[in-house]
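Q: So I've got this file, entry.tsv, and it contains TSV, N, CA and C atoms:
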chain	number	residue	atom	x	y	z
A	1157	MET	N	4.81	-3.52	21.96
A	1157	MET	CA	3.77	-2.68	22.48
A	1157	MET	C	2.80	-3.56	23.26
A	1158	GLY	N	2.45	-3.16	24.48
A	1158	GLY	CA	1.54	-3.93	25.31
A	1158	GLY	C	0.12	-3.91	24.79
A	1159	LEU	N	-0.66	-4.89	25.23
A	1159	LEU	CA	-2.04	-5.00	24.78
A	1159	LEU	C	-2.85	-3.76	25.13
A	1160	PHE	N	-2.72	-3.27	26.36
A	1160	PHE	CA	-3.46	-2.09	26.80
A	1160	PHE	C	-3.13	-0.89	25.90
A	1161	GLN	N	-1.85	-0.70	25.65
A	1161	GLN	CA	-1.44	0.43	24.81
A	1161	GLN	C	-1.94	0.27	23.38
A	1162	ARG	N	-1.92	-0.95	22.87
A	1162	ARG	CA	-2.41	-1.19	21.50
A	1162	ARG	C	-3.90	-0.87	21.40
A	1163	ILE	N	-4.67	-1.29	22.41
A	1163	ILE	CA	-6.11	-1.07	22.36
A	1163	ILE	C	-6.44	0.41	22.55
A	1164	PHE	N	-5.93	1.00	23.61
A	1164	PHE	CA	-6.31	2.36	23.93
A	1164	PHE	C	-5.42	3.40	23.24
A	1165	GLY	N	-4.21	3.04	22.92
A	1165	GLY	CA	-3.34	3.96	22.19
A	1165	GLY	C	-3.84	4.20	20.79
A	1166	ALA	N	-4.44	3.18	20.17
A	1166	ALA	CA	-4.98	3.33	18.82
A	1166	ALA	C	-6.14	4.32	18.81
A	1167	VAL	N	-6.89	4.34	19.89
A	1167	VAL	CA	-8.01	5.27	19.96
A	1167	VAL	C	-7.49	6.71	20.01
A	1168	ALA	N	-6.38	6.91	20.71
A	1168	ALA	CA	-5.84	8.25	20.87
A	1168	ALA	C	-5.11	8.74	19.63
A	1169	ARG	N	-4.61	7.82	18.80
A	1169	ARG	CA	-3.85	8.22	17.62
A	1169	ARG	C	-4.79	8.51	16.47
A	1170	THR	N	-4.59	9.62	15.85
A	1170	THR	CA	-5.41	9.95	14.69
A	1170	THR	C	-4.50	10.24	13.51
A	1171	ASP	N	-5.02	10.00	12.35
A	1171	ASP	CA	-4.29	10.29	11.13
A	1171	ASP	C	-5.20	11.15	10.27
A	1172	PRO	N	-4.67	12.23	9.71
A	1172	PRO	CA	-5.53	13.11	8.92
A	1172	PRO	C	-6.01	12.50	7.60
A	1173	GLY	N	-5.40	11.40	7.17
A	1173	GLY	CA	-5.79	10.78	5.92
A	1173	GLY	C	-5.43	11.65	4.72
A	1174	VAL	N	-5.88	11.23	3.56
A	1174	VAL	CA	-5.64	11.98	2.33
A	1174	VAL	C	-6.93	12.00	1.51
A	1175	ARG	N	-7.02	13.00	0.65
A	1175	ARG	CA	-8.15	13.12	-0.26
A	1175	ARG	C	-7.64	13.66	-1.60
A	1176	HIS	N	-8.28	13.22	-2.63
A	1176	HIS	CA	-8.07	13.81	-3.95
A	1176	HIS	C	-9.38	13.69	-4.70
A	1177	PRO	N	-9.90	14.71	-5.26
A	1177	PRO	CA	-9.37	16.08	-5.25
A	1177	PRO	C	-9.64	16.77	-3.91
A	1178	GLY	N	-9.05	17.92	-3.77
A	1178	GLY	CA	-9.28	18.75	-2.61
A	1178	GLY	C	-8.33	18.56	-1.45
A	1179	GLY	N	-7.36	17.68	-1.60
A	1179	GLY	CA	-6.43	17.43	-0.50
A	1179	GLY	C	-5.05	17.99	-0.72
A	1180	GLY	N	-4.88	18.76	-1.79
A	1180	GLY	CA	-3.59	19.37	-2.06
A	1180	GLY	C	-2.64	18.48	-2.85
A	1181	PHE	N	-3.14	17.41	-3.45
A	1181	PHE	CA	-2.30	16.51	-4.24
A	1181	PHE	C	-2.64	16.68	-5.72
A	1182	ASP	N	-1.63	16.48	-6.57
A	1182	ASP	CA	-1.82	16.63	-8.01
A	1182	ASP	C	-2.62	15.50	-8.64
A	1183	SER	N	-2.61	14.32	-7.98
A	1183	SER	CA	-3.28	13.16	-8.55
A	1183	SER	C	-3.63	12.18	-7.43
A	1184	PRO	N	-4.51	11.22	-7.73
A	1184	PRO	CA	-4.79	10.19	-6.73
A	1184	PRO	C	-3.52	9.40	-6.36
A	1185	ALA	N	-2.65	9.13	-7.34
A	1185	ALA	CA	-1.42	8.39	-7.07
A	1185	ALA	C	-0.51	9.15	-6.11
A	1186	ALA	N	-0.44	10.47	-6.24
A	1186	ALA	CA	0.38	11.28	-5.34
A	1186	ALA	C	-0.17	11.22	-3.91
A	1187	ALA	N	-1.49	11.25	-3.78
A	1187	ALA	CA	-2.11	11.14	-2.46
A	1187	ALA	C	-1.82	9.77	-1.84
A	1188	MET	N	-1.94	8.71	-2.66
A	1188	MET	CA	-1.64	7.36	-2.18
A	1188	MET	C	-0.19	7.23	-1.76
A	1189	ALA	N	0.73	7.76	-2.56
A	1189	ALA	CA	2.16	7.66	-2.25
A	1189	ALA	C	2.45	8.33	-0.91
A	1190	ASP	N	1.82	9.46	-0.63
A	1190	ASP	CA	2.01	10.14	0.65
A	1190	ASP	C	1.52	9.26	1.79
A	1191	LEU	N	0.38	8.64	1.63
A	1191	LEU	CA	-0.18	7.78	2.67
A	1191	LEU	C	0.68	6.53	2.88
A	1192	VAL	N	1.14	5.93	1.80
A	1192	VAL	CA	2.01	4.75	1.90
A	1192	VAL	C	3.33	5.12	2.59
A	1193	ARG	N	3.86	6.28	2.28
A	1193	ARG	CA	5.09	6.75	2.93
A	1193	ARG	C	4.89	6.89	4.44
A	1194	ARG	N	3.75	7.48	4.85
A	1194	ARG	CA	3.46	7.64	6.27
A	1194	ARG	C	3.24	6.29	6.95
A	1195	HIS	N	2.61	5.37	6.24
A	1195	HIS	CA	2.38	4.03	6.79
A	1195	HIS	C	3.70	3.32	7.05
A	1196	LYS	N	4.61	3.39	6.09
A	1196	LYS	CA	5.92	2.77	6.27
A	1196	LYS	C	6.70	3.42	7.39
A	1197	ALA	N	6.61	4.75	7.50
A	1197	ALA	CA	7.32	5.47	8.56
A	1197	ALA	C	6.77	5.12	9.94
A	1198	ALA	N	5.47	4.85	10.02
A	1198	ALA	CA	4.86	4.50	11.31
A	1198	ALA	C	5.27	3.10	11.75
A	1199	ASN	N	5.72	2.28	10.81
A	1199	ASN	CA	6.17	0.92	11.10
A	1199	ASN	C	5.13	0.17	11.94
A	1200	ASP	N	3.89	0.30	11.54
A	1200	ASP	CA	2.78	-0.31	12.25
A	1200	ASP	C	2.20	-1.42	11.38
A	1201	ASP	N	1.47	-2.35	12.00
A	1201	ASP	CA	0.90	-3.45	11.24
A	1201	ASP	C	-0.56	-3.21	10.86
A	1202	GLY	N	-1.01	-1.97	10.96
A	1202	GLY	CA	-2.37	-1.62	10.54
A	1202	GLY	C	-2.47	-1.53	9.03
A	1203	TRP	N	-3.67	-1.36	8.55
A	1203	TRP	CA	-3.92	-1.30	7.12
A	1203	TRP	C	-4.10	0.13	6.64
A	1204	VAL	N	-3.75	0.37	5.41
A	1204	VAL	CA	-4.07	1.60	4.70
A	1204	VAL	C	-5.37	1.32	3.98
A	1205	ASP	N	-6.39	2.08	4.27
A	1205	ASP	CA	-7.69	1.92	3.63
A	1205	ASP	C	-7.85	2.96	2.52
A	1206	LEU	N	-8.19	2.50	1.33
A	1206	LEU	CA	-8.40	3.39	0.19
A	1206	LEU	C	-9.80	3.18	-0.37
A	1207	THR	N	-10.55	4.25	-0.47
A	1207	THR	CA	-11.86	4.21	-1.09
A	1207	THR	C	-11.82	5.13	-2.30
A	1208	CYS	N	-12.11	4.58	-3.46
A	1208	CYS	CA	-11.98	5.31	-4.71
A	1208	CYS	C	-13.31	5.23	-5.46
A	1209	SER	N	-13.64	6.33	-6.13
A	1209	SER	CA	-14.90	6.32	-6.86
A	1209	SER	C	-14.82	7.20	-8.11
A	1210	ALA	N	-15.58	6.77	-9.12
A	1210	ALA	CA	-15.74	7.51	-10.37
A	1210	ALA	C	-16.77	6.79	-11.21
A	1211	ARG	N	-17.43	7.53	-12.04
A	1211	ARG	CA	-18.36	6.94	-13.02
A	1211	ARG	C	-19.42	6.05	-12.37
A	1212	GLY	N	-19.86	6.43	-11.18
A	1212	GLY	CA	-20.88	5.64	-10.48
A	1212	GLY	C	-20.37	4.37	-9.85
A	1213	LYS	N	-19.07	4.15	-9.84
A	1213	LYS	CA	-18.48	2.96	-9.23
A	1213	LYS	C	-17.72	3.36	-7.97
A	1214	ARG	N	-17.67	2.44	-7.03
A	1214	ARG	CA	-16.90	2.64	-5.81
A	1214	ARG	C	-16.08	1.39	-5.56
A	1215	VAL	N	-14.78	1.57	-5.33
A	1215	VAL	CA	-13.87	0.45	-5.11
A	1215	VAL	C	-13.09	0.71	-3.82
A	1216	CYS	N	-13.03	-0.30	-2.96
A	1216	CYS	CA	-12.26	-0.21	-1.72
A	1216	CYS	C	-11.16	-1.26	-1.76
A	1217	VAL	N	-9.95	-0.84	-1.44
A	1217	VAL	CA	-8.81	-1.75	-1.32
A	1217	VAL	C	-8.04	-1.38	-0.07
A	1218	GLN	N	-7.21	-2.31	0.39
A	1218	GLN	CA	-6.38	-2.08	1.56
A	1218	GLN	C	-4.95	-2.49	1.25
A	1219	LEU	N	-4.03	-1.88	1.98
A	1219	LEU	CA	-2.62	-2.17	1.83
A	1219	LEU	C	-1.99	-2.28	3.21
A	1220	CYS	N	-1.18	-3.30	3.41
A	1220	CYS	CA	-0.42	-3.44	4.65
A	1220	CYS	C	0.93	-4.05	4.29
A	1221	GLY	N	1.98	-3.29	4.55
A	1221	GLY	CA	3.31	-3.76	4.17
A	1221	GLY	C	3.36	-4.02	2.68
A	1222	ASP	N	3.67	-5.26	2.30
A	1222	ASP	CA	3.74	-5.57	0.87
A	1222	ASP	C	2.51	-6.36	0.40
A	1223	HIS	N	1.41	-6.27	1.16
A	1223	HIS	CA	0.19	-6.99	0.79
A	1223	HIS	C	-0.92	-6.03	0.38
A	1224	LEU	N	-1.58	-6.37	-0.71
A	1224	LEU	CA	-2.71	-5.62	-1.22
A	1224	LEU	C	-3.95	-6.50	-1.06
A	1225	ASN	N	-4.97	-5.97	-0.42
A	1225	ASN	CA	-6.21	-6.69	-0.20
A	1225	ASN	C	-7.28	-6.05	-1.09
A	1226	THR	N	-7.78	-6.82	-2.05
A	1226	THR	CA	-8.83	-6.31	-2.94
A	1226	THR	C	-10.21	-6.69	-2.42
A	1227	LEU	N	-10.26	-7.08	-1.17
A	1227	LEU	CA	-11.51	-7.41	-0.49
A	1227	LEU	C	-12.32	-8.46	-1.25
A	1228	LEU	N	-11.66	-9.58	-1.49
A	1228	LEU	CA	-12.21	-10.76	-2.14
A	1228	LEU	C	-12.48	-10.61	-3.63
A	1229	GLU	N	-12.09	-9.50	-4.21
A	1229	GLU	CA	-12.19	-9.32	-5.67
A	1229	GLU	C	-10.98	-10.01	-6.28
A	1230	GLU	N	-11.22	-11.10	-6.97
A	1230	GLU	CA	-10.14	-11.85	-7.59
A	1230	GLU	C	-9.69	-11.15	-8.87
A	1231	LEU	N	-8.39	-11.03	-9.02
A	1231	LEU	CA	-7.82	-10.41	-10.22
A	1231	LEU	C	-7.45	-11.48	-11.22
A	1232	PRO	N	-7.69	-11.23	-12.50
A	1232	PRO	CA	-7.29	-12.20	-13.53
A	1232	PRO	C	-5.76	-12.35	-13.55
A	1233	PRO	N	-5.28	-13.55	-13.91
A	1233	PRO	CA	-3.84	-13.79	-13.95
A	1233	PRO	C	-3.07	-12.81	-14.82
A	1234	ASP	N	-3.65	-12.37	-15.95
A	1234	ASP	CA	-2.94	-11.44	-16.82
A	1234	ASP	C	-2.78	-10.07	-16.16
A	1235	VAL	N	-3.75	-9.66	-15.35
A	1235	VAL	CA	-3.63	-8.39	-14.63
A	1235	VAL	C	-2.52	-8.49	-13.60
A	1236	CYS	N	-2.50	-9.62	-12.87
A	1236	CYS	CA	-1.44	-9.84	-11.87
A	1236	CYS	C	-0.07	-9.82	-12.53
A	1237	ALA	N	0.05	-10.51	-13.65
A	1237	ALA	CA	1.34	-10.58	-14.34
A	1237	ALA	C	1.78	-9.20	-14.82
A	1238	SER	N	0.85	-8.43	-15.37
A	1238	SER	CA	1.23	-7.12	-15.91
A	1238	SER	C	1.62	-6.14	-14.81
A	1239	LEU	N	1.08	-6.31	-13.60
A	1239	LEU	CA	1.40	-5.41	-12.49
A	1239	LEU	C	2.43	-5.99	-11.53
A	1240	GLY	N	2.86	-7.21	-11.78
A	1240	GLY	CA	3.87	-7.83	-10.92
A	1240	GLY	C	3.32	-8.24	-9.56
A	1241	LEU	N	2.02	-8.58	-9.50
A	1241	LEU	CA	1.39	-9.01	-8.25
A	1241	LEU	C	1.41	-10.52	-8.13
A	1242	GLU	N	1.65	-11.01	-6.94
A	1242	GLU	CA	1.63	-12.44	-6.66
A	1242	GLU	C	0.42	-12.75	-5.79
A	1243	ARG	N	-0.44	-13.64	-6.25
A	1243	ARG	CA	-1.63	-14.01	-5.48
A	1243	ARG	C	-1.20	-14.86	-4.29
A	1244	VAL	N	-1.62	-14.47	-3.08
A	1244	VAL	CA	-1.27	-15.22	-1.87
A	1244	VAL	C	-2.50	-15.68	-1.09
A	1245	GLY	N	-3.69	-15.35	-1.57
A	1245	GLY	CA	-4.93	-15.74	-0.91
A	1245	GLY	C	-6.11	-15.18	-1.66
A	1246	ASP	N	-7.30	-15.43	-1.13
A	1246	ASP	CA	-8.52	-14.91	-1.76
A	1246	ASP	C	-8.53	-13.39	-1.69
A	1247	GLY	N	-8.34	-12.75	-2.82
A	1247	GLY	CA	-8.32	-11.29	-2.88
A	1247	GLY	C	-7.11	-10.66	-2.21
A	1248	LEU	N	-6.10	-11.45	-1.92
A	1248	LEU	CA	-4.89	-10.94	-1.26
A	1248	LEU	C	-3.69	-11.18	-2.17
A	1249	TYR	N	-2.93	-10.11	-2.40
A	1249	TYR	CA	-1.81	-10.15	-3.34
A	1249	TYR	C	-0.59	-9.54	-2.70
A	1250	ARG	N	0.56	-10.03	-3.10
A	1250	ARG	CA	1.83	-9.49	-2.63
A	1250	ARG	C	2.37	-8.55	-3.69
A	1251	LEU	N	2.71	-7.34	-3.24
A	1251	LEU	CA	3.33	-6.35	-4.12
A	1251	LEU	C	4.84	-6.55	-4.06
A	1252	PRO	N	5.53	-6.35	-5.16
A	1252	PRO	CA	6.99	-6.44	-5.09
A	1252	PRO	C	7.53	-5.33	-4.19
A	1253	ASP	N	8.68	-5.59	-3.58
A	1253	ASP	CA	9.31	-4.55	-2.77
A	1253	ASP	C	9.52	-3.33	-3.65
A	1254	ALA	N	8.93	-2.23	-3.22
A	1254	ALA	CA	8.98	-1.03	-4.05
A	1254	ALA	C	8.85	0.21	-3.17
A	1255	SER	N	9.20	1.30	-3.74
A	1255	SER	CA	9.07	2.59	-3.06
A	1255	SER	C	7.59	2.93	-2.92
A	1256	PRO	N	7.25	3.86	-2.03
A	1256	PRO	CA	5.86	4.29	-1.93
A	1256	PRO	C	5.29	4.79	-3.26
A	1257	ALA	N	6.10	5.48	-4.04
A	1257	ALA	CA	5.63	5.97	-5.35
A	1257	ALA	C	5.34	4.80	-6.29
A	1258	ALA	N	6.17	3.77	-6.27
A	1258	ALA	CA	5.95	2.61	-7.14
A	1258	ALA	C	4.72	1.81	-6.69
A	1259	VAL	N	4.53	1.67	-5.38
A	1259	VAL	CA	3.34	0.99	-4.86
A	1259	VAL	C	2.09	1.75	-5.29
A	1260	ALA	N	2.12	3.08	-5.12
A	1260	ALA	CA	0.98	3.90	-5.51
A	1260	ALA	C	0.71	3.81	-7.01
A	1261	ALA	N	1.76	3.78	-7.83
A	1261	ALA	CA	1.59	3.67	-9.28
A	1261	ALA	C	0.95	2.33	-9.65
A	1262	THR	N	1.32	1.26	-8.96
A	1262	THR	CA	0.74	-0.06	-9.22
A	1262	THR	C	-0.75	-0.06	-8.88
A	1263	ILE	N	-1.09	0.46	-7.70
A	1263	ILE	CA	-2.48	0.50	-7.28
A	1263	ILE	C	-3.28	1.43	-8.19
A	1264	ASP	N	-2.68	2.55	-8.57
A	1264	ASP	CA	-3.34	3.49	-9.48
A	1264	ASP	C	-3.66	2.82	-10.81
A	1265	ALA	N	-2.72	2.07	-11.37
A	1265	ALA	CA	-2.96	1.36	-12.63
A	1265	ALA	C	-4.07	0.33	-12.46
A	1266	LEU	N	-4.10	-0.36	-11.35
A	1266	LEU	CA	-5.15	-1.35	-11.08
A	1266	LEU	C	-6.52	-0.68	-11.03
A	1267	LEU	N	-6.61	0.44	-10.32
A	1267	LEU	CA	-7.88	1.15	-10.19
A	1267	LEU	C	-8.32	1.78	-11.52
A	1268	THR	N	-7.37	2.37	-12.22
A	1268	THR	CA	-7.68	3.06	-13.47
A	1268	THR	C	-8.13	2.10	-14.56
A	1269	VAL	N	-7.41	0.99	-14.73
A	1269	VAL	CA	-7.67	0.10	-15.85
A	1269	VAL	C	-8.57	-1.07	-15.46
A	1270	HIS	N	-8.13	-1.90	-14.51
A	1270	HIS	CA	-8.91	-3.11	-14.19
A	1270	HIS	C	-10.28	-2.77	-13.60
A	1271	PHE	N	-10.31	-1.87	-12.64
A	1271	PHE	CA	-11.58	-1.50	-12.02
A	1271	PHE	C	-12.32	-0.42	-12.80
A	1272	GLU	N	-11.73	0.03	-13.90
A	1272	GLU	CA	-12.33	0.94	-14.87
A	1272	GLU	C	-12.81	2.26	-14.26
A	1273	LEU	N	-12.03	2.80	-13.32
A	1273	LEU	CA	-12.37	4.10	-12.76
A	1273	LEU	C	-11.90	5.24	-13.65
A	1274	GLY	N	-10.95	4.98	-14.53
A	1274	GLY	CA	-10.41	6.03	-15.39
A	1274	GLY	C	-9.51	6.96	-14.60
A	1275	GLU	N	-8.86	7.86	-15.31
A	1275	GLU	CA	-7.97	8.81	-14.65
A	1275	GLU	C	-8.78	9.86	-13.90
A	1276	GLY	N	-8.21	10.37	-12.83
A	1276	GLY	CA	-8.85	11.45	-12.09
A	1276	GLY	C	-9.97	11.02	-11.18
A	1277	TYR	N	-10.00	9.76	-10.77
A	1277	TYR	CA	-11.03	9.29	-9.85
A	1277	TYR	C	-10.84	9.98	-8.48
A	1278	ALA	N	-11.89	9.98	-7.70
A	1278	ALA	CA	-11.84	10.56	-6.35
A	1278	ALA	C	-11.29	9.50	-5.40
A	1279	LEU	N	-10.46	9.94	-4.45
A	1279	LEU	CA	-9.82	9.04	-3.51
A	1279	LEU	C	-9.92	9.60	-2.09
A	1280	ALA	N	-10.22	8.72	-1.16
A	1280	ALA	CA	-10.14	9.03	0.26
A	1280	ALA	C	-9.36	7.89	0.89
A	1281	GLY	N	-8.32	8.23	1.64
A	1281	GLY	CA	-7.49	7.19	2.24
A	1281	GLY	C	-7.15	7.52	3.67
A	1282	SER	N	-6.97	6.47	4.46
A	1282	SER	CA	-6.61	6.67	5.86
A	1282	SER	C	-5.77	5.51	6.36
A	1283	LEU	N	-5.06	5.75	7.44
A	1283	LEU	CA	-4.28	4.71	8.10
A	1283	LEU	C	-5.14	4.12	9.21
A	1284	GLU	N	-5.17	2.81	9.28
A	1284	GLU	CA	-5.89	2.12	10.34
A	1284	GLU	C	-4.85	1.61	11.33
A	1285	TYR	N	-4.78	2.24	12.48
A	1285	TYR	CA	-3.79	1.83	13.50
A	1285	TYR	C	-4.32	0.70	14.33
I'd like the structure from this file rewritten - as C-alpha cells, please.
A:
Amino acid sequence: MGLFQRIFGAVARTDPGVRHPGGGFDSPAAAMADLVRRHKAANDDGWVDLTCSARGKRVCVQLCGDHLNTLLEELPPDVCASLGLERVGDGLYRLPDASPAAVAATIDALLTVHFELGEGYALAGSLEY
C-alpha cells in the first residue's frame, strides 16, 4: 500500500467498533473476539484498542497480531506464566498463536483477575487503521 493511500485511506476507513454492554454481545469476551476476528480479517498492522472499566477503574490495552500492549503496565511473572504470555518489552507481551476466541479469553482473564475489573466490566473497542 502506498504512503498516500495509507495516510488518506485510513481517514476514509471507519470501523463501527464494539461495546459491551449495549452492543449486542453476551459478554465482554464475545465483543473482543468479534473485534479480533475483524482485525485478523483486515490483515492490517494497526492496533485494536480496548478500553475497559468497572468499579471505578479504567484499563486500556492494545492488541496487534500476536502482541498485547498493556501500555507500560508490567505484569508479574506468575500472571504471564498462567496466561501463556511472553514478555518482549516494557508492557509488551506476545500471545501464543490462538483463535480470536482464545485471544479474547486470555485478555478477559487478565482484565477480570489481574486488573481486578471483575466479571461484566464495560468494554469499548475499536480498530486503529
Q: Please, which residues of segment 1171-1219 of chain A, numbered as in this document, come out strand (DSSP E) from DSSP, as an MDAnalysis selection string?
A: chainID A and resid 1174:1176 1204:1210 1213:1219
Q: Would you write out, as a Markdown table, a table of all residues in segment 1246-1280 of chain A that have an atom no more than 7 Å from an atom of segment 1171-1192 of chain A, listing for each the closest atom pair and the distance in Å to one decimal, considering only C-alpha atoms and ordering rows by chain and rising residue number?
A:
| residue | atom | partner | partner_atom | distance |
| --- | --- | --- | --- | --- |
| A:Pro1256 | CA | A:Ala1189 | CA | 5.0 |
| A:Ala1257 | CA | A:Ala1189 | CA | 5.0 |
| A:Ala1260 | CA | A:Ala1189 | CA | 5.1 |
| A:Ala1261 | CA | A:Ala1185 | CA | 6.0 |
| A:Asp1264 | CA | A:Ala1185 | CA | 5.8 |
| A:Gly1276 | CA | A:Ser1183 | CA | 6.8 |
| A:Ala1278 | CA | A:His1176 | CA | 5.5 |
| A:Leu1279 | CA | A:His1176 | CA | 5.1 |
| A:Ala1280 | CA | A:Arg1175 | CA | 4.6 |
Q: To one decimal place, how far is atom CA of Lys1213 of chain A from atom CA of Thr1262 of chain A in Å?
A: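 Answer for the atom CA of Lys1213 of chain A to atom CA of Thr1262 of chain A separation: 19.5 Å.
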Q: So for segment 1172-1176 of chain A, what box centre and size do we get, axis-aligned, 8 Å extra on each of the six sides, every listed atom, Å to one decimal, as JSON?
A:
{"center_x": -7.0, "center_y": 12.3, "center_z": 2.5, "size_x": 20.7, "size_y": 19.0, "size_z": 30.4}
Q: Just to confirm, what's the straight-line distance from atom CA of Ala1198 of chain A to atom N of Ala1210 of chain A in Å (one decimal)?
A: 29.0 Å
Q: Give me, please, the distance in Å between atom CA of Asp1253 of chain A and atom N of Arg1214 of chain A, quoted to one decimal.
A: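 Separation of atom CA of Asp1253 of chain A and atom N of Arg1214 of chain A: 28.2 Å.
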Q: For the structure I just gave you, how does DSSP split segment 1186-1234 of chain A - specifically, which residues are alpha helix (DSSP H)? Reply as a PDB file with N, CA and C atoms, in the frame of the given file.
A:
ATOM      1  N   ALA A1186      -0.440  10.470  -6.240  1.00  0.00           N
ATOM      2  CA  ALA A1186       0.380  11.280  -5.340  1.00  0.00           C
ATOM      3  C   ALA A1186      -0.170  11.220  -3.910  1.00  0.00           C
ATOM      4  N   ALA A1187      -1.490  11.250  -3.780  1.00  0.00           N
ATOM      5  CA  ALA A1187      -2.110  11.140  -2.460  1.00  0.00           C
ATOM      6  C   ALA A1187      -1.820   9.770  -1.840  1.00  0.00           C
ATOM      7  N   MET A1188      -1.940   8.710  -2.660  1.00  0.00           N
ATOM      8  CA  MET A1188      -1.640   7.360  -2.180  1.00  0.00           C
ATOM      9  C   MET A1188      -0.190   7.230  -1.760  1.00  0.00           C
ATOM     10  N   ALA A1189       0.730   7.760  -2.560  1.00  0.00           N
ATOM     11  CA  ALA A1189       2.160   7.660  -2.250  1.00  0.00           C
ATOM     12  C   ALA A1189       2.450   8.330  -0.910  1.00  0.00           C
ATOM     13  N   ASP A1190       1.820   9.460  -0.630  1.00  0.00           N
ATOM     14  CA  ASP A1190       2.010  10.140   0.650  1.00  0.00           C
ATOM     15  C   ASP A1190       1.520   9.260   1.790  1.00  0.00           C
ATOM     16  N   LEU A1191       0.380   8.640   1.630  1.00  0.00           N
ATOM     17  CA  LEU A1191      -0.180   7.780   2.670  1.00  0.00           C
ATOM     18  C   LEU A1191       0.680   6.530   2.880  1.00  0.00           C
ATOM     19  N   VAL A1192       1.140   5.930   1.800  1.00  0.00           N
ATOM     20  CA  VAL A1192       2.010   4.750   1.900  1.00  0.00           C
ATOM     21  C   VAL A1192       3.330   5.120   2.590  1.00  0.00           C
ATOM     22  N   ARG A1193       3.860   6.280   2.280  1.00  0.00           N
ATOM     23  CA  ARG A1193       5.090   6.750   2.930  1.00  0.00           C
ATOM     24  C   ARG A1193       4.890   6.890   4.440  1.00  0.00           C
ATOM     25  N   ARG A1194       3.750   7.480   4.850  1.00  0.00           N
ATOM     26  CA  ARG A1194       3.460   7.640   6.270  1.00  0.00           C
ATOM     27  C   ARG A1194       3.240   6.290   6.950  1.00  0.00           C
ATOM     28  N   HIS A1195       2.610   5.370   6.240  1.00  0.00           N
ATOM     29  CA  HIS A1195       2.380   4.030   6.790  1.00  0.00           C
ATOM     30  C   HIS A1195       3.700   3.320   7.050  1.00  0.00           C
ATOM     31  N   LYS A1196       4.610   3.390   6.090  1.00  0.00           N
ATOM     32  CA  LYS A1196       5.920   2.770   6.270  1.00  0.00           C
ATOM     33  C   LYS A1196       6.700   3.420   7.390  1.00  0.00           C
ATOM     34  N   ALA A1197       6.610   4.750   7.500  1.00  0.00           N
ATOM     35  CA  ALA A1197       7.320   5.470   8.560  1.00  0.00           C
ATOM     36  C   ALA A1197       6.770   5.120   9.940  1.00  0.00           C
ATOM     37  N   ALA A1198       5.470   4.850  10.020  1.00  0.00           N
ATOM     38  CA  ALA A1198       4.860   4.500  11.310  1.00  0.00           C
ATOM     39  C   ALA A1198       5.270   3.100  11.750  1.00  0.00           C
ATOM     40  N   PRO A1233      -5.280 -13.550 -13.910  1.00  0.00           N
ATOM     41  CA  PRO A1233      -3.840 -13.790 -13.950  1.00  0.00           C
ATOM     42  C   PRO A1233      -3.070 -12.810 -14.820  1.00  0.00           C
ATOM     43  N   ASP A1234      -3.650 -12.370 -15.950  1.00  0.00           N
ATOM     44  CA  ASP A1234      -2.940 -11.440 -16.820  1.00  0.00           C
ATOM     45  C   ASP A1234      -2.780 -10.070 -16.160  1.00  0.00           C
TER      46      ASP A1234
END
Q: Would you pick out the contacts of Leu1219 of chain A at 6 Å or less, using only C-alpha atoms, so that residues sharing its chain but fewer than 5 positions from it are not included, and give the list as a list in words?
A: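 After dropping sequence-adjacent residues, the list is Trp1203, Val1204 and Leu1224 of chain A.
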Q: Please check which residues have atoms at most 7 Å from (-9.4, -0.8, -3.6) in the file's coordinates, counting all atoms listed in the file, and write them as a ChimeraX atom specification.
A: /A:1206-1208,1215-1218,1225-1227
Q: Taking into account all atoms listed in the file, which residue in the set A:Val1259, A:Arg1211, A:His1195, A:Gly1202 is nearest to Gly1274 of chain A?
A: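 Nearest to Gly1274 of chain A: A:Arg1211.
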Q: Pick the closest to Glu1229 of chain A from A:Asp1205, A:Ile1263, A:Leu1248, A:Arg1194: which is it, counting all atoms listed in the file?
A: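 Nearest candidate to Glu1229 of chain A out of A:Asp1205, A:Ile1263, A:Leu1248, A:Arg1194: A:Leu1248.
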Q: For the structure just given, write the atoms of segment 1233-1259 of chain A, namely C-alpha atoms, as a PDB file, in the first residue's frame.
A:
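This is the output file part.pdb:
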ATOM      1  CA  PRO A1233       5.887 -13.321  36.007  1.00  0.00           C
ATOM      2  CA  ASP A1234       3.269 -15.614  37.580  1.00  0.00           C
ATOM      3  CA  VAL A1235       0.473 -13.831  35.677  1.00  0.00           C
ATOM      4  CA  CYS A1236       2.412 -14.191  32.420  1.00  0.00           C
ATOM      5  CA  ALA A1237       3.040 -17.870  33.100  1.00  0.00           C
ATOM      6  CA  SER A1238      -0.581 -18.611  33.959  1.00  0.00           C
ATOM      7  CA  LEU A1239      -1.838 -16.898  30.781  1.00  0.00           C
ATOM      8  CA  GLY A1240       0.940 -18.137  28.498  1.00  0.00           C
ATOM      9  CA  LEU A1241       2.254 -14.619  27.777  1.00  0.00           C
ATOM     10  CA  GLU A1242       5.866 -13.981  26.816  1.00  0.00           C
ATOM     11  CA  ARG A1243       7.322 -10.602  27.804  1.00  0.00           C
ATOM     12  CA  VAL A1244       9.002  -8.967  24.786  1.00  0.00           C
ATOM     13  CA  GLY A1245       9.365  -5.370  26.020  1.00  0.00           C
ATOM     14  CA  ASP A1246       8.170  -2.806  28.524  1.00  0.00           C
ATOM     15  CA  GLY A1247       4.464  -3.556  28.830  1.00  0.00           C
ATOM     16  CA  LEU A1248       4.575  -5.565  25.594  1.00  0.00           C
ATOM     17  CA  TYR A1249       3.760  -9.274  25.563  1.00  0.00           C
ATOM     18  CA  ARG A1250       3.465 -11.957  22.928  1.00  0.00           C
ATOM     19  CA  LEU A1251       0.282 -14.010  22.909  1.00  0.00           C
ATOM     20  CA  PRO A1252       0.519 -17.611  21.777  1.00  0.00           C
ATOM     21  CA  ASP A1253      -0.889 -18.308  18.327  1.00  0.00           C
ATOM     22  CA  ALA A1254      -4.555 -18.703  19.059  1.00  0.00           C
ATOM     23  CA  SER A1255      -8.003 -18.224  17.657  1.00  0.00           C
ATOM     24  CA  PRO A1256      -9.787 -14.899  18.190  1.00  0.00           C
ATOM     25  CA  ALA A1257     -11.889 -16.551  20.917  1.00  0.00           C
ATOM     26  CA  ALA A1258      -8.766 -17.799  22.726  1.00  0.00           C
ATOM     27  CA  VAL A1259      -7.069 -14.383  22.459  1.00  0.00           C
TER      28      VAL A1259
END
